[in-house]
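Student: My structure is in run18.pdb, and what it holds is PDB, C-alpha atoms and all ligand atoms:
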ATOM      1  CA  MET A 373     -76.161  39.965  18.293
ATOM      2  CA  ALA A 374     -77.919  39.204  15.049
ATOM      3  CA  LYS A 375     -80.671  36.694  14.677
ATOM      4  CA  ARG A 376     -79.164  33.417  13.454
ATOM      5  CA  GLU A 377     -80.604  31.391  10.582
ATOM      6  CA  ARG A 378     -80.669  28.329  12.811
ATOM      7  CA  TYR A 379     -80.556  27.442  16.480
ATOM      8  CA  LEU A 380     -79.282  24.050  17.538
ATOM      9  CA  PHE A 381     -80.581  22.926  20.900
ATOM     10  CA  VAL A 382     -78.306  20.325  22.412
ATOM     11  CA  CYS A 383     -79.913  18.452  25.277
ATOM     12  CA  VAL A 384     -77.520  18.367  28.205
ATOM     13  CA  ASN A 385     -79.965  16.932  30.720
ATOM     14  CA  ARG A 386     -78.360  14.583  33.233
ATOM     15  CA  ARG A 387     -79.936  11.683  35.073
ATOM     16  CA  GLU A 388     -78.257   9.185  37.335
ATOM     17  CA  GLU A 389     -76.326   6.328  35.712
ATOM     18  CA  GLY A 390     -78.688   3.448  35.076
ATOM     19  CA  ALA A 391     -81.839   5.568  34.697
ATOM     20  CA  PRO A 392     -84.192   3.628  32.373
ATOM     21  CA  ASN A 393     -84.130   6.099  29.490
ATOM     22  CA  GLY A 394     -80.595   7.290  30.124
ATOM     23  CA  SER A 395     -79.737  10.906  29.539
ATOM     24  CA  CYS A 396     -77.845  12.944  27.025
ATOM     25  CA  ALA A 397     -75.257  14.312  29.460
ATOM     26  CA  VAL A 398     -74.246  10.804  30.522
ATOM     27  CA  ARG A 399     -73.707  10.015  26.811
ATOM     28  CA  GLY A 400     -71.378  12.951  26.208
ATOM     29  CA  ALA A 401     -73.705  15.806  25.259
ATOM     30  CA  LEU A 402     -71.704  18.495  27.054
ATOM     31  CA  ASP A 403     -68.624  17.706  24.965
ATOM     32  CA  ILE A 404     -70.769  17.633  21.816
ATOM     33  CA  HIS A 405     -72.211  21.068  22.627
ATOM     34  CA  ALA A 406     -68.749  22.514  23.337
ATOM     35  CA  GLU A 407     -67.327  21.089  20.095
ATOM     36  CA  LEU A 408     -70.292  22.322  18.076
ATOM     37  CA  LYS A 409     -69.941  25.815  19.506
ATOM     38  CA  LYS A 410     -66.193  25.854  18.876
ATOM     39  CA  SER A 411     -66.553  24.540  15.344
ATOM     40  CA  LEU A 412     -69.272  27.050  14.416
ATOM     41  CA  LYS A 413     -67.072  29.872  15.657
ATOM     42  CA  GLU A 414     -63.960  28.606  13.867
ATOM     43  CA  ARG A 415     -65.833  28.399  10.567
ATOM     44  CA  GLY A 416     -67.282  31.865  10.958
ATOM     45  CA  LEU A 417     -70.845  30.596  11.181
ATOM     46  CA  ALA A 418     -71.580  31.500  14.792
ATOM     47  CA  ALA A 419     -72.403  35.175  14.324
ATOM     48  CA  THR A 420     -75.100  34.863  11.674
ATOM     49  CA  ARG A 421     -75.729  31.286  10.537
ATOM     50  CA  ALA A 422     -76.119  29.049  13.569
ATOM     51  CA  ARG A 423     -75.999  29.143  17.335
ATOM     52  CA  ALA A 424     -75.476  26.084  19.507
ATOM     53  CA  CYS A 425     -77.510  26.328  22.699
ATOM     54  CA  THR A 426     -77.875  23.951  25.590
ATOM     55  CA  SER A 427     -81.292  22.601  26.433
ATOM     56  CA  SER A 428     -83.011  20.630  29.133
ATOM     57  CA  CYS A 429     -84.635  17.305  28.202
ATOM     58  CA  LEU A 430     -86.102  17.262  24.690
ATOM     59  CA  ASP A 431     -88.104  14.116  25.426
ATOM     60  CA  VAL A 432     -86.270  11.756  23.109
ATOM     61  CA  CYS A 433     -83.918  10.449  25.787
ATOM     62  CA  TRP A 434     -83.770   6.927  24.281
ATOM     63  CA  ALA A 435     -82.252   8.468  21.145
ATOM     64  CA  GLY A 436     -79.808  10.812  22.823
ATOM     65  CA  PRO A 437     -77.601  12.662  22.650
ATOM     66  CA  ALA A 438     -80.191  14.727  20.828
ATOM     67  CA  ILE A 439     -79.975  18.020  18.974
ATOM     68  CA  PHE A 440     -83.091  19.838  17.758
ATOM     69  CA  VAL A 441     -82.549  22.137  14.790
ATOM     70  CA  GLU A 442     -84.871  25.118  14.556
ATOM     71  CA  PRO A 443     -86.636  26.617  12.712
ATOM     72  CA  ASP A 444     -86.242  23.589  10.415
ATOM     73  CA  GLY A 445     -88.052  21.327  12.859
ATOM     74  CA  TYR A 446     -85.964  18.175  12.735
ATOM     75  CA  ALA A 447     -83.815  16.463  15.316
ATOM     76  CA  TYR A 448     -80.535  14.617  15.282
ATOM     77  CA  GLY A 449     -80.253  11.575  17.516
ATOM     78  CA  ARG A 450     -77.484   9.310  18.811
ATOM     79  CA  VAL A 451     -75.007  12.052  17.991
ATOM     80  CA  ARG A 452     -71.369  11.277  18.727
ATOM     81  CA  LEU A 453     -68.562  13.767  19.129
ATOM     82  CA  GLU A 454     -67.096  12.560  15.827
ATOM     83  CA  ASP A 455     -70.329  13.571  14.046
ATOM     84  CA  VAL A 456     -69.866  17.278  14.793
ATOM     85  CA  PRO A 457     -67.735  18.145  11.710
ATOM     86  CA  GLU A 458     -70.312  16.495   9.439
ATOM     87  CA  ILE A 459     -73.146  18.363  11.165
ATOM     88  CA  VAL A 460     -71.332  21.674  10.712
ATOM     89  CA  ASP A 461     -70.511  20.838   7.068
ATOM     90  CA  ALA A 462     -74.206  20.239   6.468
ATOM     91  CA  LEU A 463     -75.161  23.515   8.156
ATOM     92  CA  GLU A 464     -72.669  25.359   5.996
ATOM     93  CA  GLN A 465     -74.120  23.754   2.858
ATOM     94  CA  GLY A 466     -77.730  24.215   3.923
ATOM     95  CA  THR A 467     -78.313  20.468   4.119
ATOM     96  CA  ARG A 468     -78.599  17.966   6.965
ATOM     97  CA  VAL A 469     -76.952  14.692   7.986
ATOM     98  CA  GLU A 470     -79.733  12.299   7.041
ATOM     99  CA  ARG A 471     -78.285   9.272   8.836
ATOM    100  CA  LEU A 472     -78.660  11.126  12.154
ATOM    101  CA  VAL A 473     -82.131  12.618  11.586
ATOM    102  CA  LEU A 474     -84.737  11.006  13.826
ATOM    103  CA  SER A 475     -87.688   9.401  12.078
ATOM    104  CA  GLU A 476     -91.223  10.172  13.227
ATOM    105  CA  GLU A 477     -91.332   6.794  15.008
ATOM    106  CA  GLU A 478     -88.192   7.550  16.989
ATOM    107  CA  TYR A 479     -89.963  10.388  18.804
ATOM    108  CA  THR A 480     -91.966   7.701  20.600
ATOM    109  CA  GLU A 481     -90.379   5.767  23.435
ATOM    110  CA  PRO A 482     -89.386   2.301  22.081
ATOM    111  CA  ARG A 483     -91.541   0.326  24.526
ATOM    112  CA  LYS A 484     -94.599   2.352  23.475
ATOM    113  CA  ARG A 485     -94.145   1.876  19.726
ATOM    114  CA  SER A 486     -96.370  -0.366  17.668
ATOM    115  CA  GLN A 487     -98.895  -0.715  20.457
ATOM    116  CA  PRO A 488    -102.351  -0.771  18.931
ATOM    117  CA  ALA A 489    -104.508   2.146  19.916
ATOM    118  CA  PRO A 490    -107.590   1.307  21.975
ATOM    119  CA  GLY A 491    -110.298   0.089  19.643
ATOM    120  CA  ASP A 492    -107.829  -1.028  16.930
ATOM    121  CA  GLY A 493    -108.567  -4.689  17.629
ATOM    122  CA  GLY A 494    -105.301  -5.311  19.393
ATOM    123  CA  GLU A 495    -106.725  -6.108  22.793
TER     124      GLU A 495
HETATM  125  S1  LIG A 501     -82.219  13.564  28.422
HETATM  126 FE1  LIG A 501     -81.791  14.334  26.447
HETATM  127  S2  LIG A 501     -83.661  14.153  25.417
HETATM  128 FE2  LIG A 501     -84.125  13.576  27.443
END
Give the structure from the file, written as structure tokens.

Tutor:
Amino acid sequence: MAKRERYLFVCVNRREEGAPNGSCAVRGALDIHAELKKSLKERGLAATRARACTSSCLDVCWAGPAIFVEPDGYAYGRVRLEDVPEIVDALEQGTRVERLVLSEEEYTEPRKRSQPAPGDGGE
């Protein structure tokens, strides 16, 4: 198999229902991965342009289902099954779906955001 231009890592980690941060599998990540894989193949992108892989936890559970896109270095968050065609369209066009791209802040767990660092005068 040829090296693909991009690899999409879909977190399919599963935690028990009610786990504080939730998990991507509980929010439908397995179906999202399957649809992504199917759609890439149907559009003829799977062999050279992009491969959809499953992943363990990507450490943005609060924003899952999450998909990391490499080598571009961005992540999609709160992905729904209905978003897959738009994600594949963007891949085909060499763009990304901006409304789903996680901001820098979203990589931090919500309850840990905006806490002043020690020595910042917040204590
Ligand atoms: S469970 Fe998916 S990012 Fe942690």

Student: Which polymer residues have any atom within 8 Å of an atom of His405 of chain A, counting all atoms listed in the file, with same-chain residues fewer than 2 positions away left out, as a list in words?

Tutor: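 So, after excluding close chain neighbours, the residues are Val382, Ala401, Leu402, Asp403, Glu407, Leu408, Lys409, Ala424, Cys425 and Thr426 of chain A.
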
Student: I would like the residues chosen by the PyMOL selection byres (((chain A and resi 430) around 9) and not hetatm) on the shown file; could you give them as a PDB file with C-alpha atoms, keeping the file's coordinate frame?

Tutor:
ATOM      1  CA  PHE A 381     -80.581  22.926  20.900  1.00  0.00           C
ATOM      2  CA  VAL A 382     -78.306  20.325  22.412  1.00  0.00           C
ATOM      3  CA  CYS A 383     -79.913  18.452  25.277  1.00  0.00           C
ATOM      4  CA  ASN A 385     -79.965  16.932  30.720  1.00  0.00           C
ATOM      5  CA  SER A 427     -81.292  22.601  26.433  1.00  0.00           C
ATOM      6  CA  SER A 428     -83.011  20.630  29.133  1.00  0.00           C
ATOM      7  CA  CYS A 429     -84.635  17.305  28.202  1.00  0.00           C
ATOM      8  CA  ASP A 431     -88.104  14.116  25.426  1.00  0.00           C
ATOM      9  CA  VAL A 432     -86.270  11.756  23.109  1.00  0.00           C
ATOM     10  CA  CYS A 433     -83.918  10.449  25.787  1.00  0.00           C
ATOM     11  CA  ALA A 438     -80.191  14.727  20.828  1.00  0.00           C
ATOM     12  CA  ILE A 439     -79.975  18.020  18.974  1.00  0.00           C
ATOM     13  CA  PHE A 440     -83.091  19.838  17.758  1.00  0.00           C
TER      14      PHE A 440
END

Student: Quick one: apply the PyMOL selection byres (((chain A and resi 448-463) around 8) and not hetatm) to the file and drop the selected residues here as a PyMOL selection string.

Tutor: chain A and resi 400+403-404+407-408+411-412+422+435-441+446-447+464-469+472-474

Student: Using all atoms of segment 456-465 of chain A that appear in the file, construct an axis-aligned enclosing box with 8 Å of padding on every side and provide its centre coordinates and edge lengths in Å, rounded to one decimal, as AutoDock Vina command-line options.

Tutor:
--center_x -71.4 --center_y 20.9 --center_z 8.8 --size_x 23.4 --size_y 24.9 --size_z 27.9

Student: Could you work out how far atom FE1 of ligand LIG 501 (chain A) lies from atom CA of Tyr479 of chain A, giving the answer in Å with one decimal?

Tutor: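 Computing it gives 11.9 Å between the two atoms.
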
Student: Applying 12 Å and only C-alpha atoms, which residues near Ala419 of chain A remain after dropping the ones on its own chain fewer than 2 positions away? List them as a compact mmCIF listing (two decimals) with C-alpha atoms, keeping the file's coordinate frame.

Tutor:
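Full text of out.txt as output:
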# COMPACT_ATOMS: atom_id res chain seq x y z
CA MET A 373 -76.16 39.97 18.29
CA ALA A 374 -77.92 39.20 15.05
CA LYS A 375 -80.67 36.69 14.68
CA ARG A 376 -79.16 33.42 13.45
CA GLU A 377 -80.60 31.39 10.58
CA ARG A 378 -80.67 28.33 12.81
CA TYR A 379 -80.56 27.44 16.48
CA LYS A 409 -69.94 25.82 19.51
CA LEU A 412 -69.27 27.05 14.42
CA LYS A 413 -67.07 29.87 15.66
CA GLU A 414 -63.96 28.61 13.87
CA ARG A 415 -65.83 28.40 10.57
CA GLY A 416 -67.28 31.86 10.96
CA LEU A 417 -70.84 30.60 11.18
CA ARG A 421 -75.73 31.29 10.54
CA ALA A 422 -76.12 29.05 13.57
CA ARG A 423 -76.00 29.14 17.34
CA ALA A 424 -75.48 26.08 19.51

Student: Going by the chain IDs and residue numbers used in this file, which residues fall under the PyMOL selection byres (((chain A and resi 387) around 12) and not hetatm)? Write them as a ChimeraX atom specification.

Tutor: /A:383-386,388-399,428-429,433

Student: Output C-alpha atoms of each residue in that selection to a file, as a PDB file, keeping the file's coordinate frame.

Tutor:
ATOM      1  CA  CYS A 383     -79.913  18.452  25.277  1.00  0.00           C
ATOM      2  CA  VAL A 384     -77.520  18.367  28.205  1.00  0.00           C
ATOM      3  CA  ASN A 385     -79.965  16.932  30.720  1.00  0.00           C
ATOM      4  CA  ARG A 386     -78.360  14.583  33.233  1.00  0.00           C
ATOM      5  CA  GLU A 388     -78.257   9.185  37.335  1.00  0.00           C
ATOM      6  CA  GLU A 389     -76.326   6.328  35.712  1.00  0.00           C
ATOM      7  CA  GLY A 390     -78.688   3.448  35.076  1.00  0.00           C
ATOM      8  CA  ALA A 391     -81.839   5.568  34.697  1.00  0.00           C
ATOM      9  CA  PRO A 392     -84.192   3.628  32.373  1.00  0.00           C
ATOM     10  CA  ASN A 393     -84.130   6.099  29.490  1.00  0.00           C
ATOM     11  CA  GLY A 394     -80.595   7.290  30.124  1.00  0.00           C
ATOM     12  CA  SER A 395     -79.737  10.906  29.539  1.00  0.00           C
ATOM     13  CA  CYS A 396     -77.845  12.944  27.025  1.00  0.00           C
ATOM     14  CA  ALA A 397     -75.257  14.312  29.460  1.00  0.00           C
ATOM     15  CA  VAL A 398     -74.246  10.804  30.522  1.00  0.00           C
ATOM     16  CA  ARG A 399     -73.707  10.015  26.811  1.00  0.00           C
ATOM     17  CA  SER A 428     -83.011  20.630  29.133  1.00  0.00           C
ATOM     18  CA  CYS A 429     -84.635  17.305  28.202  1.00  0.00           C
ATOM     19  CA  CYS A 433     -83.918  10.449  25.787  1.00  0.00           C
TER      20      CYS A 433
END
